[in-house]
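K.L.:
One file is attached below, start-v4.cif, containing mmCIF, C-alpha atoms.
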```
data_structure
#
loop_
_atom_site.label_atom_id
_atom_site.label_comp_id
_atom_site.auth_asym_id
_atom_site.auth_seq_id
_atom_site.Cartn_x
_atom_site.Cartn_y
_atom_site.Cartn_z
CA MET A 1 -4.10 -0.05 -20.54
CA LYS A 2 -5.01 3.44 -19.39
CA THR A 3 -3.61 6.49 -21.16
CA SER A 4 -1.43 8.90 -19.20
CA LEU A 5 -4.30 11.37 -18.92
CA GLU A 6 -6.69 8.72 -17.60
CA LEU A 7 -4.04 7.57 -15.15
CA ILE A 8 -3.45 11.08 -13.84
CA CYS A 9 -7.19 11.76 -13.51
CA LYS A 10 -7.65 8.56 -11.49
CA ALA A 11 -4.64 9.42 -9.34
CA GLU A 12 -6.05 12.88 -8.63
CA MET A 13 -9.30 11.28 -7.46
CA ASP A 14 -7.59 8.60 -5.36
CA LEU A 15 -5.22 11.12 -3.76
CA ALA A 16 -8.03 13.64 -3.16
CA LEU A 17 -6.10 16.37 -4.95
CA SER A 18 -9.27 18.16 -6.04
CA VAL A 19 -10.89 17.99 -2.61
CA LEU A 20 -11.01 20.97 -0.26
CA HIS A 21 -9.21 19.80 2.85
CA PRO A 22 -10.98 20.83 6.07
CA ARG A 23 -8.48 22.43 8.41
CA GLY A 24 -7.27 20.00 11.05
CA GLN A 25 -8.86 16.96 9.42
CA ASN A 26 -7.09 14.21 7.52
CA VAL A 27 -8.43 13.32 4.10
CA SER A 28 -8.63 9.65 3.13
CA ILE A 29 -6.72 8.54 0.03
CA ARG A 30 -6.58 5.29 -1.92
CA ASN A 31 -4.02 3.16 -3.79
CA CYS A 32 -0.96 4.77 -2.23
CA TRP A 33 1.92 2.69 -0.89
CA HIS A 34 5.31 2.93 0.76
CA PHE A 35 7.71 0.24 -0.46
CA PHE A 36 11.12 -0.06 1.18
CA SER A 37 13.92 -2.60 1.23
CA ASP A 38 15.75 -3.84 4.32
CA GLY A 39 19.02 -1.90 4.59
CA SER A 40 20.57 -4.56 6.81
CA ALA A 41 19.92 -7.41 4.36
CA VAL A 42 22.73 -6.57 1.92
CA GLU A 43 26.13 -4.97 2.17
CA VAL A 44 25.64 -2.59 -0.76
CA LEU A 45 23.07 -2.02 -3.52
CA PHE A 46 24.81 0.87 -5.28
CA TYR A 47 28.61 1.05 -5.25
CA ASP A 48 29.32 4.21 -7.23
CA ASP A 49 27.77 7.00 -9.27
CA ALA A 50 27.39 4.73 -12.30
CA ASP A 51 25.28 2.31 -10.24
CA PHE A 52 23.12 5.14 -8.91
CA ILE A 53 22.61 6.57 -12.40
CA MET A 54 21.55 3.16 -13.66
CA GLY A 55 19.20 2.88 -10.67
CA MET A 56 17.57 6.21 -11.49
CA ASN A 57 17.30 5.27 -15.17
CA ARG A 58 15.51 2.04 -14.28
CA LEU A 59 12.92 3.92 -12.21
CA TYR A 60 12.11 6.01 -15.26
CA VAL A 61 11.98 3.04 -17.63
CA LEU A 62 9.73 0.98 -15.33
CA ASP A 63 7.49 3.98 -14.66
CA LYS A 64 6.63 3.83 -18.36
CA LYS A 65 5.99 0.08 -18.23
CA TYR A 66 3.60 -0.05 -15.27
CA GLN A 67 0.40 1.78 -14.37
CA VAL A 68 1.97 3.58 -11.41
CA LEU A 69 3.04 7.08 -10.44
CA ILE A 70 6.21 7.66 -8.42
CA LEU A 71 5.33 10.26 -5.78
CA GLY A 72 8.68 10.12 -4.05
CA CYS A 73 11.83 8.04 -4.21
CA VAL A 74 15.32 7.78 -2.82
CA LEU A 75 18.15 5.37 -3.58
CA MET A 76 20.58 4.85 -0.71
CA ASP A 77 23.70 2.71 -0.88
CA THR A 78 22.04 -0.13 1.07
CA HIS A 79 18.30 0.38 0.60
CA ILE A 80 15.53 2.13 -1.34
CA HIS A 81 12.31 3.96 -0.46
CA LEU A 82 9.46 4.43 -2.91
CA ALA A 83 6.14 6.25 -2.48
CA LEU A 84 3.93 4.83 -5.22
CA TRP A 85 0.39 5.41 -6.39
CA GLY A 86 -1.40 2.63 -8.26
CA GLU A 87 -3.25 -0.62 -7.79
CA PHE A 88 -1.32 -2.76 -5.32
CA TYR A 89 -0.57 -5.55 -7.80
CA GLU A 90 0.89 -3.01 -10.25
CA CYS A 91 3.04 -1.34 -7.59
CA GLN A 92 4.24 -4.70 -6.29
CA ALA A 93 5.11 -5.84 -9.83
CA PHE A 94 6.96 -2.57 -10.40
CA VAL A 95 9.09 -3.07 -7.28
CA LYS A 96 9.78 -6.76 -8.00
CA ASP A 97 10.85 -5.90 -11.54
CA TYR A 98 13.09 -3.11 -10.24
CA VAL A 99 14.85 -5.42 -7.76
CA LYS A 100 15.21 -8.12 -10.43
CA ARG A 101 16.85 -5.70 -12.88
CA LEU A 102 19.09 -4.31 -10.14
CA SER A 103 20.17 -7.86 -9.34
CA ILE A 104 20.97 -8.49 -13.02
CA HIS A 105 23.04 -5.30 -13.11
CA LEU A 106 25.04 -6.32 -10.03
CA SER A 107 25.60 -9.76 -11.54
CA LYS A 108 26.82 -8.37 -14.87
CA ARG A 109 29.01 -5.63 -13.43
CA TYR A 110 30.42 -7.32 -10.33
CA GLY A 111 29.74 -11.03 -10.80
CA MET A 112 27.42 -10.96 -7.76
CA LYS A 113 24.91 -13.62 -8.77
CA HIS A 114 21.67 -14.05 -6.83
CA THR A 115 22.69 -11.29 -4.37
CA LEU A 116 19.18 -9.84 -4.21
CA GLU A 117 17.28 -13.08 -4.67
CA ASN A 118 15.77 -12.93 -1.18
CA LEU A 119 15.99 -9.19 -0.55
CA PRO A 120 13.21 -8.32 1.92
CA VAL A 121 10.99 -5.58 0.49
CA ARG A 122 8.18 -4.44 2.74
CA HIS A 123 5.22 -2.21 2.13
CA GLN A 124 2.77 -0.07 4.04
CA GLU A 125 -0.52 1.33 2.83
CA VAL A 126 -0.79 5.12 2.97
CA GLU A 127 -4.35 5.87 4.00
CA ASP A 128 -4.55 9.65 4.41
CA ASP A 129 -3.01 12.85 3.12
CA ALA A 130 -1.14 13.60 6.36
CA TYR A 131 0.65 10.26 6.20
CA LEU A 132 1.51 10.82 2.54
CA LYS A 133 3.04 14.24 3.27
CA THR A 134 5.00 12.77 6.17
CA LEU A 135 6.18 9.87 3.98
CA ILE A 136 7.38 12.12 1.14
CA SER A 137 9.21 14.33 3.66
CA TYR A 138 10.78 11.25 5.24
CA ILE A 139 11.94 9.94 1.86
CA ILE A 140 13.43 13.27 0.78
CA LYS A 141 15.20 13.81 4.11
CA ASN A 142 16.59 10.27 4.27
CA PRO A 143 20.09 11.13 2.95
CA PRO A 144 20.96 14.03 5.32
CA VAL A 145 19.38 12.20 8.27
CA ALA A 146 21.66 9.25 7.45
CA GLY A 147 24.64 11.62 7.72
CA LEU A 148 25.38 12.06 4.02
CA PRO A 149 26.89 15.46 3.09
CA TYR A 150 23.87 16.72 1.13
CA ASN A 151 20.98 19.07 1.67
CA PHE A 152 17.70 17.25 1.16
CA TYR A 153 17.08 19.19 -2.06
CA ASP A 154 20.51 18.43 -3.54
CA TYR A 155 20.80 14.66 -3.13
CA PRO A 156 20.96 13.51 -6.76
CA TRP A 157 19.62 9.95 -6.35
CA GLY A 158 16.07 10.76 -5.35
CA SER A 159 13.07 13.00 -5.83
CA GLY A 160 14.31 15.92 -3.70
CA PRO A 161 15.69 17.88 -6.68
CA LEU A 162 12.49 17.18 -8.62
CA TYR A 163 10.47 18.88 -5.89
CA PHE A 164 12.81 21.75 -5.07
CA ARG A 165 15.02 22.41 -8.09
CA LYS A 166 14.00 23.58 -11.51
CA ALA A 167 13.84 21.18 -14.42
CA GLY A 168 16.97 20.80 -16.49
CA LEU A 169 19.23 19.32 -13.83
CA TRP A 170 20.36 15.80 -14.66
CA ALA A 171 18.00 14.46 -11.99
CA SER A 172 15.15 16.05 -13.91
CA PRO A 173 16.25 15.84 -17.55
CA GLU A 174 14.04 17.66 -20.02
CA TRP A 175 13.46 14.54 -22.09
CA MET A 176 11.58 12.97 -19.19
CA SER A 177 8.85 15.59 -19.25
CA SER A 178 8.98 17.26 -22.64
CA MET A 179 7.08 16.02 -25.68
CA ARG A 180 9.70 17.46 -28.02
CA HIS A 181 12.32 15.02 -26.70
CA ARG A 182 10.34 11.84 -27.39
CA ASN A 183 12.23 11.16 -30.61
CA LEU A 184 15.76 11.62 -29.28
CA SER A 185 18.25 9.02 -30.37
CA TYR A 186 19.80 6.56 -27.94
CA ARG A 187 23.06 8.55 -28.04
CA GLU A 188 21.29 11.87 -27.35
CA LYS A 189 19.37 10.42 -24.41
CA LYS A 190 22.60 8.95 -23.05
CA ALA A 191 24.27 12.36 -23.26
CA LEU A 192 21.34 14.09 -21.55
CA LEU A 193 21.48 11.64 -18.65
CA LYS A 194 25.24 12.16 -18.33
CA ALA A 195 25.58 8.43 -17.83
CA PRO A 196 28.77 6.51 -18.54
CA GLU A 197 26.57 3.78 -19.95
CA LEU A 198 22.83 3.43 -20.43
CA VAL A 199 21.25 0.01 -20.42
CA LEU A 200 17.47 0.12 -20.53
CA ASP A 201 16.97 -3.50 -19.58
#
```
Turn the structure described in the file into structure tokens.
P.N.:
Amino acid sequence: MKTSLELICKAEMDLALSVLHPRGQNVSIRNCWHFFSDGSAVEVLFYDDADFIMGMNRLYVLDKKYQVLILGCVLMDTHIHLALWGEFYECQAFVKDYVKRLSIHLSKRYGMKHTLENLPVRHQEVEDDAYLKTLISYIIKNPPVAGLPYNFYDYPWGSGPLYFRKAGLWASPEWMSSMRHRNLSYREKKALLKAPELVLD
């Protein structure tokens, strides 16, 4: 398994982050994917703030389990969008695991067994930097475009605040990015996330 530093270095190469981009020309990138679920396939994925908080927590937990980087994400009440970097099999496993755990949560909390068993999740390869920028913008702007009463940088269940707000908001808790928070207790992490319950399943 690669270390975090090795992973980031490989991502920088694959995403051409250290390459001078010629004006007006797209730069090819590798191992970047857009995964998205079918919003018409289920009535609801997230019913209330507690569900959304659990959904955000799971993204963080699974990010530590798989060799992927989350470049952009948004959780909507009926569907999800993820911009992921990583080998395809790792990204696909990440998404399958996420849907499985979401299904378990819905079953435990609402008695909705097998609701997401056949949830269609599609993917597209992101082949150049222009497409990646467009994809991240699309993901971040998904909530206001859908008519939700949020600015794109204020929607709490996605990566908008991580791009446009300073760290320390609940959507970007310090313990996610700070070495000094690695040894926080379960109770302290729960308090930092402002979650009514925290199940890292």
K.L.:
With 8 Å as the threshold, what does the neighbourhood of (20.8, -9.7, -1.2) contain in terms of residues, counting all atoms listed in the file? Coordinates are those of the file; answer as a list in words.
P.N.:
Ala41, Val42, Glu43, His114, Thr115, Leu116, Glu117, Asn118 and Leu119 of chain A
K.L.:
As an exercise, work out the distance from CA of Phe94 in chain A to CA of Leu62 in chain A in Å and give it to one decimal place.
P.N.:
6.7 Å
K.L.:
Tell me which of A:His123, A:Tyr110, A:Asn26, A:Phe36 sits closest to Cys73 in chain A, counting only C-alpha atoms.
P.N.:
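That would be A:Phe36, the residue with the smallest distance to Cys73 in chain A.
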K.L.:
Step by step, gather every atom of range 18-31 of chain A that the file lists, find the box along x, y and z that holds them, add 4 Å on each side, and finally give centre and edge lengths in Å to one decimal, as JSON.
P.N.:
```
{"center_x": -7.5, "center_y": 12.8, "center_z": 2.5, "size_x": 15.0, "size_y": 27.3, "size_z": 25.1}
```
K.L.:
If we count all atoms listed in the file and set the cut-off at 9 Å, which residues sit around Asp77 in chain A, ignoring sequence neighbours fewer than 6 positions away in its own chain? Please answer as a CSV table (one decimal) with C-alpha atoms, keeping the file's coordinate frame.
P.N.:
```
chain,number,residue,atom,x,y,z
A,39,GLY,CA,19.0,-1.9,4.6
A,43,GLU,CA,26.1,-5.0,2.2
A,44,VAL,CA,25.6,-2.6,-0.8
A,45,LEU,CA,23.1,-2.0,-3.5
A,46,PHE,CA,24.8,0.9,-5.3
A,47,TYR,CA,28.6,1.0,-5.2
A,48,ASP,CA,29.3,4.2,-7.2
A,52,PHE,CA,23.1,5.1,-8.9
```
K.L.:
If I only want range 143-154 of chain A, can you write it with all heavy atoms, as a PDB file, in the first residue's frame?
P.N.:
```
ATOM      1  N   PRO A 143     -26.189  21.752  -6.132  1.00  0.00           N
ATOM      2  CA  PRO A 143     -27.300  22.129  -5.239  1.00  0.00           C
ATOM      3  C   PRO A 143     -28.066  23.385  -5.665  1.00  0.00           C
ATOM      4  O   PRO A 143     -29.295  23.332  -5.784  1.00  0.00           O
ATOM      5  CB  PRO A 143     -26.611  22.316  -3.883  1.00  0.00           C
ATOM      6  CG  PRO A 143     -25.391  21.461  -3.974  1.00  0.00           C
ATOM      7  CD  PRO A 143     -24.934  21.591  -5.392  1.00  0.00           C
ATOM      8  N   PRO A 144     -27.400  24.527  -5.936  1.00  0.00           N
ATOM      9  CA  PRO A 144     -28.188  25.697  -6.350  1.00  0.00           C
ATOM     10  C   PRO A 144     -28.869  25.507  -7.699  1.00  0.00           C
ATOM     11  O   PRO A 144     -29.984  25.993  -7.906  1.00  0.00           O
ATOM     12  CB  PRO A 144     -27.162  26.840  -6.387  1.00  0.00           C
ATOM     13  CG  PRO A 144     -25.834  26.184  -6.446  1.00  0.00           C
ATOM     14  CD  PRO A 144     -25.985  24.875  -5.742  1.00  0.00           C
ATOM     15  N   VAL A 145     -28.226  24.778  -8.616  1.00  0.00           N
ATOM     16  CA  VAL A 145     -28.850  24.524  -9.914  1.00  0.00           C
ATOM     17  C   VAL A 145     -30.118  23.688  -9.737  1.00  0.00           C
ATOM     18  O   VAL A 145     -31.099  23.850 -10.474  1.00  0.00           O
ATOM     19  CB  VAL A 145     -27.855  23.826 -10.873  1.00  0.00           C
ATOM     20  CG1 VAL A 145     -28.558  23.301 -12.112  1.00  0.00           C
ATOM     21  CG2 VAL A 145     -26.745  24.791 -11.268  1.00  0.00           C
ATOM     22  N   ALA A 146     -30.114  22.808  -8.730  1.00  0.00           N
ATOM     23  CA  ALA A 146     -31.294  21.981  -8.442  1.00  0.00           C
ATOM     24  C   ALA A 146     -32.380  22.768  -7.712  1.00  0.00           C
ATOM     25  O   ALA A 146     -33.441  22.228  -7.420  1.00  0.00           O
ATOM     26  CB  ALA A 146     -30.892  20.774  -7.614  1.00  0.00           C
ATOM     27  N   GLY A 147     -32.109  24.036  -7.399  1.00  0.00           N
ATOM     28  CA  GLY A 147     -33.121  24.877  -6.753  1.00  0.00           C
ATOM     29  C   GLY A 147     -33.048  24.918  -5.243  1.00  0.00           C
ATOM     30  O   GLY A 147     -33.934  25.483  -4.603  1.00  0.00           O
ATOM     31  N   LEU A 148     -31.995  24.340  -4.663  1.00  0.00           N
ATOM     32  CA  LEU A 148     -31.861  24.376  -3.206  1.00  0.00           C
ATOM     33  C   LEU A 148     -31.410  25.771  -2.753  1.00  0.00           C
ATOM     34  O   LEU A 148     -30.665  26.442  -3.461  1.00  0.00           O
ATOM     35  CB  LEU A 148     -30.859  23.323  -2.740  1.00  0.00           C
ATOM     36  CG  LEU A 148     -31.238  21.872  -3.043  1.00  0.00           C
ATOM     37  CD1 LEU A 148     -30.152  20.925  -2.560  1.00  0.00           C
ATOM     38  CD2 LEU A 148     -32.572  21.504  -2.415  1.00  0.00           C
ATOM     39  N   PRO A 149     -31.854  26.218  -1.585  1.00  0.00           N
ATOM     40  CA  PRO A 149     -31.584  27.587  -1.135  1.00  0.00           C
ATOM     41  C   PRO A 149     -30.178  27.756  -0.540  1.00  0.00           C
ATOM     42  O   PRO A 149     -30.010  28.128   0.616  1.00  0.00           O
ATOM     43  CB  PRO A 149     -32.664  27.819  -0.079  1.00  0.00           C
ATOM     44  CG  PRO A 149     -32.910  26.466   0.507  1.00  0.00           C
ATOM     45  CD  PRO A 149     -32.735  25.496  -0.636  1.00  0.00           C
ATOM     46  N   TYR A 150     -29.164  27.467  -1.351  1.00  0.00           N
ATOM     47  CA  TYR A 150     -27.777  27.593  -0.917  1.00  0.00           C
ATOM     48  C   TYR A 150     -26.971  28.264  -2.016  1.00  0.00           C
ATOM     49  O   TYR A 150     -27.257  28.086  -3.204  1.00  0.00           O
ATOM     50  CB  TYR A 150     -27.141  26.215  -0.657  1.00  0.00           C
ATOM     51  CG  TYR A 150     -27.671  25.471   0.535  1.00  0.00           C
ATOM     52  CD1 TYR A 150     -28.707  24.553   0.397  1.00  0.00           C
ATOM     53  CD2 TYR A 150     -27.123  25.659   1.805  1.00  0.00           C
ATOM     54  CE1 TYR A 150     -29.185  23.840   1.498  1.00  0.00           C
ATOM     55  CE2 TYR A 150     -27.597  24.954   2.904  1.00  0.00           C
ATOM     56  CZ  TYR A 150     -28.623  24.056   2.737  1.00  0.00           C
ATOM     57  OH  TYR A 150     -29.092  23.358   3.818  1.00  0.00           O
ATOM     58  N   ASN A 151     -25.937  29.022  -1.626  1.00  0.00           N
ATOM     59  CA  ASN A 151     -24.889  29.372  -2.554  1.00  0.00           C
ATOM     60  C   ASN A 151     -24.009  28.146  -2.719  1.00  0.00           C
ATOM     61  O   ASN A 151     -23.929  27.301  -1.832  1.00  0.00           O
ATOM     62  CB  ASN A 151     -24.055  30.540  -2.024  1.00  0.00           C
ATOM     63  CG  ASN A 151     -24.846  31.826  -1.983  1.00  0.00           C
ATOM     64  OD1 ASN A 151     -25.563  32.160  -2.923  1.00  0.00           O
ATOM     65  ND2 ASN A 151     -24.725  32.563  -0.888  1.00  0.00           N
ATOM     66  N   PHE A 152     -23.330  28.052  -3.865  1.00  0.00           N
ATOM     67  CA  PHE A 152     -22.528  26.853  -4.126  1.00  0.00           C
ATOM     68  C   PHE A 152     -21.422  26.659  -3.089  1.00  0.00           C
ATOM     69  O   PHE A 152     -21.004  25.543  -2.834  1.00  0.00           O
ATOM     70  CB  PHE A 152     -21.914  26.903  -5.531  1.00  0.00           C
ATOM     71  CG  PHE A 152     -20.902  27.997  -5.726  1.00  0.00           C
ATOM     72  CD1 PHE A 152     -19.566  27.781  -5.465  1.00  0.00           C
ATOM     73  CD2 PHE A 152     -21.302  29.247  -6.189  1.00  0.00           C
ATOM     74  CE1 PHE A 152     -18.626  28.783  -5.650  1.00  0.00           C
ATOM     75  CE2 PHE A 152     -20.372  30.258  -6.374  1.00  0.00           C
ATOM     76  CZ  PHE A 152     -19.034  30.042  -6.098  1.00  0.00           C
ATOM     77  N   TYR A 153     -20.974  27.739  -2.454  1.00  0.00           N
ATOM     78  CA  TYR A 153     -19.894  27.615  -1.478  1.00  0.00           C
ATOM     79  C   TYR A 153     -20.404  27.409  -0.059  1.00  0.00           C
ATOM     80  O   TYR A 153     -19.610  27.312   0.874  1.00  0.00           O
ATOM     81  CB  TYR A 153     -18.971  28.836  -1.522  1.00  0.00           C
ATOM     82  CG  TYR A 153     -19.697  30.161  -1.507  1.00  0.00           C
ATOM     83  CD1 TYR A 153     -20.226  30.686  -0.335  1.00  0.00           C
ATOM     84  CD2 TYR A 153     -19.852  30.885  -2.685  1.00  0.00           C
ATOM     85  CE1 TYR A 153     -20.908  31.892  -0.328  1.00  0.00           C
ATOM     86  CE2 TYR A 153     -20.522  32.091  -2.687  1.00  0.00           C
ATOM     87  CZ  TYR A 153     -21.040  32.594  -1.505  1.00  0.00           C
ATOM     88  OH  TYR A 153     -21.720  33.795  -1.513  1.00  0.00           O
ATOM     89  N   ASP A 154     -21.714  27.346   0.123  1.00  0.00           N
ATOM     90  CA  ASP A 154     -22.274  27.172   1.460  1.00  0.00           C
ATOM     91  C   ASP A 154     -22.986  25.837   1.661  1.00  0.00           C
ATOM     92  O   ASP A 154     -23.365  25.506   2.776  1.00  0.00           O
ATOM     93  CB  ASP A 154     -23.281  28.285   1.769  1.00  0.00           C
ATOM     94  CG  ASP A 154     -22.600  29.581   2.163  1.00  0.00           C
ATOM     95  OD1 ASP A 154     -21.494  29.509   2.726  1.00  0.00           O
ATOM     96  OD2 ASP A 154     -23.154  30.648   1.894  1.00  0.00           O
TER      97      ASP A 154
END
```
